[in-house]
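Raw upload-v2.pdb, PDB, C-alpha atoms:
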```
ATOM      1  CA  MET B   1      72.688  50.463   1.222
ATOM      2  CA  SER B   2      70.064  52.998   0.657
ATOM      3  CA  GLY B   3      69.898  51.891  -2.927
ATOM      4  CA  ASP B   4      69.387  48.306  -1.815
ATOM      5  CA  ARG B   5      66.578  49.317   0.485
ATOM      6  CA  ASP B   6      65.031  51.254  -2.293
ATOM      7  CA  ARG B   7      65.180  48.246  -4.499
ATOM      8  CA  LYS B   8      63.849  45.886  -1.802
ATOM      9  CA  GLY B   9      61.042  48.142  -0.680
ATOM     10  CA  ALA B  10      59.961  49.240  -4.088
ATOM     11  CA  ARG B  11      56.792  47.655  -5.408
ATOM     12  CA  PRO B  12      56.609  46.378  -8.995
ATOM     13  CA  VAL B  13      54.849  48.684 -11.336
ATOM     14  CA  ARG B  14      51.904  47.040 -13.044
ATOM     15  CA  ALA B  15      50.642  47.965 -16.423
ATOM     16  CA  PRO B  16      47.332  49.827 -16.419
ATOM     17  CA  ARG B  17      44.323  47.642 -17.150
ATOM     18  CA  PRO B  18      42.478  48.360 -20.371
ATOM     19  CA  GLN B  19      39.165  50.081 -19.795
ATOM     20  CA  LYS B  20      36.177  47.875 -20.512
ATOM     21  CA  ARG B  21      33.631  49.073 -22.898
ATOM     22  CA  ASP B  22      30.018  48.899 -21.913
ATOM     23  CA  VAL B  23      28.561  47.213 -24.941
ATOM     24  CA  ARG B  24      25.233  46.946 -23.176
ATOM     25  CA  SER B  25      24.850  50.698 -22.807
ATOM     26  CA  GLY B  26      25.497  51.297 -26.462
ATOM     27  CA  ASP B  27      29.029  52.867 -26.326
ATOM     28  CA  ASP B  28      30.163  50.692 -29.228
ATOM     29  CA  ASP B  29      27.775  50.748 -32.149
ATOM     30  CA  GLN B  30      29.266  47.618 -33.685
ATOM     31  CA  ALA B  31      29.025  45.527 -30.512
ATOM     32  CA  ARG B  32      25.537  46.738 -29.597
ATOM     33  CA  PRO B  33      22.958  43.934 -30.079
ATOM     34  CA  GLU B  34      20.470  44.375 -32.848
ATOM     35  CA  GLY B  35      17.248  45.978 -31.688
ATOM     36  CA  ASP B  36      18.756  48.185 -28.960
ATOM     37  CA  HIS B  37      18.277  51.880 -29.385
ATOM     38  CA  GLN B  38      19.933  54.784 -27.650
ATOM     39  CA  SER B  39      16.645  56.455 -26.849
ATOM     40  CA  ASP B  40      13.044  55.369 -26.592
ATOM     41  CA  ARG B  41      10.155  56.678 -28.608
ATOM     42  CA  ASP B  42       9.554  59.585 -26.258
ATOM     43  CA  GLY B  43      12.616  61.292 -27.641
ATOM     44  CA  GLU B  44      14.279  61.678 -24.183
ATOM     45  CA  GLY B  45      17.859  60.855 -23.447
ATOM     46  CA  TYR B  46      16.897  57.482 -21.910
ATOM     47  CA  GLU B  47      19.329  54.858 -23.042
ATOM     48  CA  VAL B  48      17.891  51.392 -23.777
ATOM     49  CA  GLY B  49      20.070  48.440 -22.867
ATOM     50  CA  PHE B  50      20.514  45.636 -20.374
ATOM     51  CA  GLY B  51      18.098  46.219 -17.513
ATOM     52  CA  LYS B  52      16.680  49.275 -19.261
ATOM     53  CA  PRO B  53      13.732  48.203 -21.444
ATOM     54  CA  PRO B  54      11.781  50.714 -23.501
ATOM     55  CA  ARG B  55       9.181  52.660 -21.580
ATOM     56  CA  SER B  56       6.362  51.148 -23.657
ATOM     57  CA  ARG B  57       7.356  47.668 -22.510
ATOM     58  CA  ARG B  58       8.052  48.409 -18.878
ATOM     59  CA  PHE B  59       5.711  47.199 -16.125
ATOM     60  CA  LYS B  60       3.433  49.971 -15.007
ATOM     61  CA  LYS B  61       3.264  50.842 -11.359
ATOM     62  CA  GLY B  62       0.357  49.182  -9.610
ATOM     63  CA  GLN B  63      -0.318  46.797 -12.534
ATOM     64  CA  SER B  64       0.660  43.144 -12.441
ATOM     65  CA  GLY B  65       2.604  41.610 -15.286
ATOM     66  CA  ASN B  66       0.361  38.523 -15.064
ATOM     67  CA  PRO B  67      -3.185  39.828 -14.592
ATOM     68  CA  ARG B  68      -4.680  36.332 -14.662
ATOM     69  CA  GLY B  69      -2.426  35.197 -11.887
ATOM     70  CA  ARG B  70      -0.564  31.950 -11.510
ATOM     71  CA  PRO B  71      -2.647  29.003 -12.733
ATOM     72  CA  LYS B  72      -3.820  26.871  -9.876
ATOM     73  CA  LYS B  73      -2.915  23.235  -9.847
ATOM     74  CA  PRO B  74      -5.920  20.920 -10.106
ATOM     75  CA  LYS B  75      -6.719  19.315  -6.820
ATOM     76  CA  PRO B  76      -6.785  15.508  -6.853
ATOM     77  CA  LYS B  77     -10.333  14.223  -6.890
ATOM     78  CA  PRO B  78     -11.069  12.291  -3.727
ATOM     79  CA  ILE B  79     -11.813   8.612  -4.267
ATOM     80  CA  GLN B  80     -15.489   7.889  -3.873
ATOM     81  CA  LEU B  81     -16.722   4.722  -2.252
ATOM     82  CA  SER B  82     -18.231   3.537  -5.531
ATOM     83  CA  ASP B  83     -14.914   4.136  -7.343
ATOM     84  CA  ALA B  84     -12.727   2.457  -4.744
ATOM     85  CA  PRO B  85     -10.372  -0.062  -6.400
ATOM     86  CA  ALA B  86     -10.608  -2.506  -3.518
ATOM     87  CA  ASP B  87     -12.639  -4.998  -5.549
ATOM     88  CA  ALA B  88     -10.149  -4.902  -8.424
ATOM     89  CA  PHE B  89      -7.229  -5.369  -6.029
ATOM     90  CA  LEU B  90      -8.965  -8.243  -4.294
ATOM     91  CA  GLN B  91      -9.761  -9.996  -7.559
ATOM     92  CA  GLU B  92      -6.222  -9.506  -8.869
ATOM     93  CA  GLU B  93      -4.651 -10.920  -5.723
ATOM     94  CA  ALA B  94      -7.154 -13.742  -5.365
ATOM     95  CA  TYR B  95      -6.378 -15.118  -8.832
ATOM     96  CA  ARG B  96      -2.657 -14.362  -8.842
ATOM     97  CA  LEU B  97      -0.691 -17.529  -9.633
ATOM     98  CA  LEU B  98       1.683 -18.813  -6.968
ATOM     99  CA  LYS B  99       4.299 -21.533  -7.316
ATOM    100  CA  PHE B 100       4.610 -24.347  -4.759
ATOM    101  CA  ARG B 101       6.444 -27.595  -4.461
ATOM    102  CA  GLU B 102       4.191 -30.553  -3.737
ATOM    103  CA  ASN B 103       5.487 -34.134  -3.582
ATOM    104  CA  GLY B 104       8.694 -33.058  -5.256
ATOM    105  CA  LYS B 105       6.874 -31.365  -8.151
ATOM    106  CA  GLU B 106       6.367 -27.697  -8.813
ATOM    107  CA  VAL B 107       2.702 -26.726  -9.078
ATOM    108  CA  GLU B 108       1.074 -23.397  -9.884
ATOM    109  CA  LEU B 109      -2.159 -22.440  -8.142
ATOM    110  CA  PRO B 110      -4.234 -19.262  -7.749
ATOM    111  CA  ALA B 111      -3.833 -17.573  -4.383
ATOM    112  CA  SER B 112      -7.456 -18.265  -3.413
ATOM    113  CA  GLN B 113      -7.084 -21.990  -4.129
ATOM    114  CA  ALA B 114      -3.807 -22.061  -2.193
ATOM    115  CA  VAL B 115      -5.577 -20.544   0.838
ATOM    116  CA  VAL B 116      -8.372 -23.138   0.654
ATOM    117  CA  ARG B 117      -5.825 -25.939   0.317
ATOM    118  CA  ALA B 118      -3.890 -24.664   3.338
ATOM    119  CA  MET B 119      -7.123 -24.561   5.351
ATOM    120  CA  ILE B 120      -8.041 -28.129   4.377
ATOM    121  CA  MET B 121      -4.531 -29.399   5.160
ATOM    122  CA  SER B 122      -4.617 -27.686   8.550
ATOM    123  CA  ALA B 123      -7.990 -29.314   9.290
ATOM    124  CA  LEU B 124      -6.656 -32.738   8.280
ATOM    125  CA  LYS B 125      -3.724 -32.313  10.665
ATOM    126  CA  GLY B 126      -6.132 -32.009  13.605
ATOM    127  CA  ASN B 127      -6.646 -28.278  14.049
ATOM    128  CA  ARG B 128     -10.124 -28.202  15.571
ATOM    129  CA  LEU B 129     -10.720 -24.516  14.912
ATOM    130  CA  THR B 130      -9.907 -24.974  11.242
ATOM    131  CA  GLN B 131     -12.017 -28.138  11.059
ATOM    132  CA  ARG B 132     -15.077 -26.336  12.409
ATOM    133  CA  TYR B 133     -14.560 -23.335  10.140
ATOM    134  CA  ALA B 134     -14.067 -25.545   7.067
ATOM    135  CA  ILE B 135     -17.244 -27.531   7.719
ATOM    136  CA  GLU B 136     -19.304 -24.390   8.339
ATOM    137  CA  TYR B 137     -17.846 -22.775   5.221
ATOM    138  CA  LEU B 138     -18.774 -25.773   3.045
ATOM    139  CA  GLU B 139     -22.270 -25.921   4.505
ATOM    140  CA  ARG B 140     -22.879 -22.242   3.741
ATOM    141  CA  LYS B 141     -21.640 -22.691   0.186
ATOM    142  CA  GLU B 142     -23.830 -25.758  -0.425
ATOM    143  CA  GLU B 143     -26.887 -24.006   0.992
ATOM    144  CA  ARG B 144     -26.259 -20.963  -1.198
ATOM    145  CA  HIS B 145     -25.934 -23.114  -4.317
ATOM    146  CA  PHE B 146     -29.099 -25.056  -3.449
ATOM    147  CA  ARG B 147     -31.091 -21.848  -2.990
ATOM    148  CA  ALA B 148     -29.855 -20.460  -6.306
ATOM    149  CA  ARG B 149     -30.707 -23.745  -8.066
ATOM    150  CA  LEU B 150     -34.182 -23.849  -6.496
ATOM    151  CA  GLU B 151     -34.833 -20.232  -7.450
ATOM    152  CA  ARG B 152     -33.791 -20.938 -11.047
ATOM    153  CA  PHE B 153     -36.015 -24.039 -11.128
ATOM    154  CA  ARG B 154     -39.055 -22.084  -9.977
ATOM    155  CA  ARG B 155     -38.420 -19.246 -12.404
ATOM    156  CA  LEU B 156     -38.043 -21.540 -15.433
ATOM    157  CA  GLU B 157     -41.024 -23.619 -14.353
ATOM    158  CA  LYS B 158     -43.152 -20.471 -14.303
ATOM    159  CA  LEU B 159     -41.867 -19.456 -17.744
ATOM    160  CA  LYS B 160     -42.680 -22.903 -19.134
ATOM    161  CA  VAL B 161     -46.259 -22.814 -17.864
ATOM    162  CA  GLN B 162     -46.846 -19.260 -19.086
ATOM    163  CA  GLY B 163     -45.341 -20.046 -22.505
ATOM    164  CA  LYS B 164     -47.544 -23.076 -23.034
ATOM    165  CA  GLU B 165     -50.630 -21.105 -22.074
ATOM    166  CA  GLN B 166     -49.684 -18.319 -24.494
ATOM    167  CA  ILE B 167     -49.123 -20.764 -27.360
ATOM    168  CA  ALA B 168     -52.452 -22.461 -26.668
ATOM    169  CA  GLU B 169     -54.198 -19.081 -26.724
ATOM    170  CA  TYR B 170     -52.681 -18.270 -30.143
ATOM    171  CA  ARG B 171     -53.823 -21.621 -31.504
ATOM    172  CA  ARG B 172     -57.383 -21.032 -30.341
ATOM    173  CA  ARG B 173     -57.365 -17.754 -32.281
ATOM    174  CA  ASP B 174     -55.853 -19.425 -35.370
ATOM    175  CA  LEU B 175     -52.784 -17.175 -35.133
ATOM    176  CA  PRO B 176     -49.181 -18.105 -35.884
ATOM    177  CA  PRO B 177     -47.299 -19.213 -32.772
ATOM    178  CA  PRO B 178     -45.425 -16.444 -30.945
ATOM    179  CA  GLU B 179     -41.625 -16.314 -30.850
ATOM    180  CA  LEU B 180     -40.831 -16.993 -27.222
ATOM    181  CA  LEU B 181     -37.289 -16.972 -25.833
ATOM    182  CA  PRO B 182     -36.691 -19.265 -24.168
ATOM    183  CA  HIS B 183     -39.266 -21.502 -25.799
ATOM    184  CA  PRO B 184     -41.293 -23.620 -23.344
ATOM    185  CA  ASP B 185     -40.343 -26.782 -25.243
ATOM    186  CA  ASP B 186     -36.645 -25.952 -24.689
ATOM    187  CA  ILE B 187     -37.013 -25.744 -20.903
ATOM    188  CA  VAL B 188     -36.108 -29.105 -19.342
ATOM    189  CA  LEU B 189     -37.110 -29.627 -15.690
ATOM    190  CA  ASN B 190     -36.075 -32.369 -13.306
ATOM    191  CA  HIS B 191     -38.485 -32.364 -10.370
ATOM    192  CA  ARG B 192     -36.512 -34.967  -8.413
ATOM    193  CA  THR B 193     -33.261 -32.999  -8.274
ATOM    194  CA  ALA B 194     -34.735 -29.504  -8.744
ATOM    195  CA  GLU B 195     -32.449 -28.993 -11.737
ATOM    196  CA  ALA B 196     -33.522 -26.907 -14.732
ATOM    197  CA  ARG B 197     -31.735 -26.230 -17.996
ATOM    198  CA  ILE B 198     -32.517 -24.578 -21.324
ATOM    199  CA  ASP B 199     -31.850 -26.795 -24.341
ATOM    200  CA  GLY B 200     -32.221 -24.120 -26.979
ATOM    201  CA  PRO B 201     -31.751 -20.439 -27.801
ATOM    202  CA  GLU B 202     -32.135 -17.804 -25.120
ATOM    203  CA  THR B 203     -31.402 -14.724 -27.245
ATOM    204  CA  ARG B 204     -31.990 -13.594 -30.823
ATOM    205  CA  GLU B 205     -28.348 -14.272 -31.629
ATOM    206  CA  ASP B 206     -28.649 -17.856 -30.362
ATOM    207  CA  LEU B 207     -31.819 -18.338 -32.410
ATOM    208  CA  ARG B 208     -30.085 -17.158 -35.584
ATOM    209  CA  HIS B 209     -27.174 -19.511 -34.886
ATOM    210  CA  TYR B 210     -29.424 -22.569 -34.555
ATOM    211  CA  GLU B 211     -31.457 -21.600 -37.603
ATOM    212  CA  HIS B 212     -28.241 -21.347 -39.612
ATOM    213  CA  LEU B 213     -27.219 -24.858 -38.493
ATOM    214  CA  ALA B 214     -30.644 -26.214 -39.416
ATOM    215  CA  GLU B 215     -30.356 -24.723 -42.907
ATOM    216  CA  LEU B 216     -26.902 -26.253 -43.253
ATOM    217  CA  ARG B 217     -28.336 -29.652 -42.306
ATOM    218  CA  ASP B 218     -31.055 -29.318 -44.953
ATOM    219  CA  LEU B 219     -28.379 -28.408 -47.490
ATOM    220  CA  CYS B 220     -26.487 -31.594 -46.633
ATOM    221  CA  VAL B 221     -29.661 -33.638 -47.166
ATOM    222  CA  MET B 222     -30.125 -31.875 -50.492
ATOM    223  CA  GLN B 223     -26.566 -32.746 -51.507
ATOM    224  CA  SER B 224     -27.051 -36.377 -50.531
ATOM    225  CA  ALA B 225     -30.148 -36.520 -52.771
ATOM    226  CA  LEU B 226     -28.123 -35.053 -55.620
ATOM    227  CA  ASN B 227     -25.362 -37.620 -55.102
ATOM    228  CA  TRP B 228     -27.990 -40.387 -55.166
ATOM    229  CA  SER B 229     -29.382 -39.016 -58.407
ATOM    230  CA  ARG B 230     -25.918 -38.850 -59.983
ATOM    231  CA  GLN B 231     -25.130 -42.408 -58.948
ATOM    232  CA  GLY B 232     -28.245 -43.781 -60.646
ATOM    233  CA  ARG B 233     -27.612 -41.768 -63.824
ATOM    234  CA  ASN B 234     -23.923 -42.673 -64.193
ATOM    235  CA  SER B 235     -23.956 -46.365 -63.287
ATOM    236  CA  GLY B 236     -27.492 -47.287 -64.212
ATOM    237  CA  LYS B 237     -28.094 -48.805 -60.799
ATOM    238  CA  ARG B 238     -28.049 -47.625 -57.248
ATOM    239  CA  ASP B 239     -26.341 -49.267 -54.297
ATOM    240  CA  ALA B 240     -28.192 -48.569 -51.064
ATOM    241  CA  GLY B 241     -25.081 -49.449 -49.072
ATOM    242  CA  THR B 242     -22.945 -46.752 -50.711
ATOM    243  CA  TYR B 243     -21.333 -44.438 -48.185
ATOM    244  CA  CYS B 244     -22.659 -40.868 -48.486
ATOM    245  CA  PRO B 245     -20.547 -38.285 -46.607
ATOM    246  CA  ALA B 246     -23.185 -35.575 -47.071
ATOM    247  CA  LEU B 247     -25.836 -37.656 -45.313
ATOM    248  CA  VAL B 248     -23.450 -38.447 -42.443
ATOM    249  CA  LEU B 249     -22.642 -34.743 -42.055
ATOM    250  CA  ALA B 250     -26.361 -33.963 -42.013
ATOM    251  CA  GLY B 251     -26.805 -36.385 -39.108
ATOM    252  CA  LEU B 252     -23.882 -34.848 -37.191
ATOM    253  CA  VAL B 253     -25.218 -31.327 -37.629
ATOM    254  CA  ASP B 254     -28.691 -32.474 -36.607
ATOM    255  CA  HIS B 255     -27.322 -33.790 -33.294
ATOM    256  CA  LEU B 256     -25.786 -30.387 -32.569
ATOM    257  CA  LEU B 257     -29.221 -28.806 -32.634
ATOM    258  CA  PRO B 258     -31.673 -28.667 -29.714
ATOM    259  CA  GLN B 259     -34.398 -31.286 -29.611
ATOM    260  CA  ARG B 260     -36.990 -28.885 -30.988
ATOM    261  CA  PHE B 261     -34.936 -28.243 -34.153
ATOM    262  CA  ARG B 262     -34.050 -31.859 -34.907
ATOM    263  CA  LEU B 263     -35.549 -33.991 -37.674
ATOM    264  CA  SER B 264     -36.912 -37.435 -37.093
ATOM    265  CA  GLU B 265     -35.882 -40.254 -39.424
ATOM    266  CA  ALA B 266     -39.267 -40.068 -41.151
ATOM    267  CA  ASP B 267     -38.998 -36.306 -41.700
ATOM    268  CA  GLN B 268     -35.468 -36.683 -43.026
ATOM    269  CA  LEU B 269     -36.590 -39.407 -45.452
ATOM    270  CA  VAL B 270     -39.470 -37.280 -46.727
ATOM    271  CA  MET B 271     -37.124 -34.334 -47.281
ATOM    272  CA  PHE B 272     -34.639 -36.590 -49.088
ATOM    273  CA  LEU B 273     -37.319 -37.935 -51.457
ATOM    274  CA  GLU B 274     -38.618 -34.447 -52.236
ATOM    275  CA  PHE B 275     -35.146 -33.280 -53.212
ATOM    276  CA  GLU B 276     -34.480 -36.459 -55.183
ATOM    277  CA  ARG B 277     -37.551 -35.865 -57.393
ATOM    278  CA  GLU B 278     -36.296 -32.457 -58.532
ATOM    279  CA  ASP B 279     -34.457 -31.974 -61.803
ATOM    280  CA  ARG B 280     -30.737 -32.557 -61.381
ATOM    281  CA  ARG B 281     -29.702 -29.333 -63.096
ATOM    282  CA  LYS B 282     -32.089 -27.254 -61.022
ATOM    283  CA  LEU B 283     -30.982 -29.029 -57.867
ATOM    284  CA  GLU B 284     -27.317 -28.275 -58.585
ATOM    285  CA  SER B 285     -28.091 -24.585 -59.107
ATOM    286  CA  ARG B 286     -30.193 -24.496 -55.971
ATOM    287  CA  ILE B 287     -27.423 -26.076 -53.882
ATOM    288  CA  GLU B 288     -24.897 -23.560 -55.175
ATOM    289  CA  ARG B 289     -27.182 -20.616 -54.378
ATOM    290  CA  GLU B 290     -28.014 -21.922 -50.917
ATOM    291  CA  PHE B 291     -24.366 -22.539 -50.086
ATOM    292  CA  ASP B 292     -23.376 -19.011 -51.139
ATOM    293  CA  ARG B 293     -26.241 -17.547 -49.122
ATOM    294  CA  LEU B 294     -25.263 -19.473 -45.993
ATOM    295  CA  GLU B 295     -21.683 -18.295 -46.364
ATOM    296  CA  ARG B 296     -22.820 -14.664 -46.574
ATOM    297  CA  GLU B 297     -25.323 -14.922 -43.716
ATOM    298  CA  ARG B 298     -23.110 -16.912 -41.379
ATOM    299  CA  PRO B 299     -23.499 -15.559 -37.825
ATOM    300  CA  PRO B 300     -20.430 -14.019 -36.189
ATOM    301  CA  SER B 301     -18.297 -16.525 -34.355
ATOM    302  CA  THR B 302     -16.832 -16.196 -30.862
ATOM    303  CA  LEU B 303     -13.833 -18.403 -31.677
ATOM    304  CA  SER B 304     -10.253 -17.206 -31.513
ATOM    305  CA  ASP B 305      -8.184 -16.608 -34.636
ATOM    306  CA  ALA B 306      -6.376 -19.955 -34.312
ATOM    307  CA  GLN B 307      -9.636 -21.861 -33.781
ATOM    308  CA  ARG B 308     -11.276 -20.019 -36.675
ATOM    309  CA  ASN B 309      -8.384 -20.865 -39.021
ATOM    310  CA  LEU B 310      -8.523 -24.532 -38.032
ATOM    311  CA  LEU B 311     -12.305 -24.600 -38.534
ATOM    312  CA  GLU B 312     -12.029 -22.958 -41.950
ATOM    313  CA  ARG B 313      -9.432 -25.494 -43.101
ATOM    314  CA  THR B 314     -11.588 -28.368 -41.877
ATOM    315  CA  VAL B 315     -14.692 -26.975 -43.584
ATOM    316  CA  GLN B 316     -12.738 -26.489 -46.800
ATOM    317  CA  ARG B 317     -11.609 -30.137 -46.798
ATOM    318  CA  LEU B 318     -15.163 -31.303 -46.123
ATOM    319  CA  ARG B 319     -16.448 -29.045 -48.876
ATOM    320  CA  ASP B 320     -13.968 -30.507 -51.360
ATOM    321  CA  GLN B 321     -15.091 -34.028 -50.419
ATOM    322  CA  LEU B 322     -18.832 -33.422 -50.177
ATOM    323  CA  TRP B 323     -19.313 -30.924 -53.003
ATOM    324  CA  PRO B 324     -16.887 -31.890 -55.760
ATOM    325  CA  GLU B 325     -17.058 -30.108 -59.064
ATOM    326  CA  ALA B 326     -19.844 -31.535 -61.216
ATOM    327  CA  GLU B 327     -18.753 -33.459 -64.272
ATOM    328  CA  ASP B 328     -19.695 -32.038 -67.618
ATOM    329  CA  GLY B 329     -22.778 -33.629 -69.153
TER     330      GLY B 329
END
```

Please express the file's structure as structure tokens.
Amino acid sequence: MSGDRDRKGARPVRAPRPQKRDVRSGDDDQARPEGDHQSDRDGEGYEVGFGKPPRSRRFKKGQSGNPRGRPKKPKPKPIQLSDAPADAFLQEEAYRLLKFRENGKEVELPASQAVVRAMIMSALKGNRLTQRYAIEYLERKEERHFRARLERFRRLEKLKVQGKEQIAEYRRRDLPPPELLPHPDDIVLNHRTAEARIDGPETREDLRHYEHLAELRDLCVMQSALNWSRQGRNSGKRDAGTYCPALVLAGLVDHLLPQRFRLSEADQLVMFLEFEREDRRKLESRIEREFDRLERERPPSTLSDAQRNLLERTVQRLRDQLWPEAEDG
């Protein structure tokens, strides 16, 4: 029985655990990481290892490891009144497209137009408050437009009078006329309706554009004179009723110009006869040089890529029809 108790009460004997080696302190030279040394440069028995950096690299007492301190985060710049995005938000929301169903069809309208339509519909349904507001709103808008139109009329009328006086003064002095933009002859006034418009260039870029069109018109007249000369030389007789595409194109371009740049029928006939008297060879060379110059000096266009490609194809077809290759001889 005593032996049974001894067996029951005895605890199992466990094997002793293997002693761990401190590879961080440098007990095992093979397991020690590269760069660790048993002693620092001072020659003392200070072991270098985990948590024990060399004395030369330790933080000194009373000295911060980051002398510049933690970088401060930039404070957000407060929004100024002039930089407030309220106008951009208002414009974006006012022109945002909304979808509605009207008479069984889906329509798409800007938000501002939808608000105006809702106001008008409410007024038509008998809402007196909306009716009064709508009428007052329209009256204010019409008055504002009339004042702006009257102010523009008076300003252009003053420019027209001053421009004519300046041109007359240059003529009295026998000086070339000044380049005025807008030119007084291009300012059209309607005293009955107080409407004023400018039928001509207002900037230097506009002036160069119209001058380029006028030179293109003269080139078309020159080509029509050359075609007339060729017809008389090849057939021995000329048919006045022959269709001349170059002359038609010259008339179309002339109508695109302001009234001050246009040619009268008499001026166009005189120009045609002057070109027709020139030598045919010289006229052909002159047309080729003028066409190349106009292509190089063509003003920049504000058309889109698709519109520009369509215009170039159309011009190329017209060029093939109006300026065919000259026959030898």

On this structure, the PyMOL selection byres ((chain B and resi 281-294) around 9) would catch which residues? List them as a ChimeraX atom specification, sorted by chain and number. /B:212,215-216,219,222-223,226,275-276,278-280,295-298,326

Please identify all polymer residues within 12 Å of region 257-270 of chain B, counting all atoms listed in the file, omitting same-chain residues fewer than 4 positions from it, and present them as a PyMOL selection string. chain B and resi 182-188+197-202+206-207+209-222+224-225+247+250-253+274-277

Find the distance between CA of Glu47 (chain B) and CA of Gln63 (chain B) and write it in Å to one decimal. 23.7 Å

Go through B:Gln316, B:Met121, B:Val115, B:Glu179 one by one, measure the shortest atom-to-atom distance of each to Gln166 (chain B) using all atoms listed in the file, and give the residue with the smallest value. B:Glu179

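Counting from CA of Pro299 (chain B), the distance to CA of Thr203 (chain B) is 13.2 Å.
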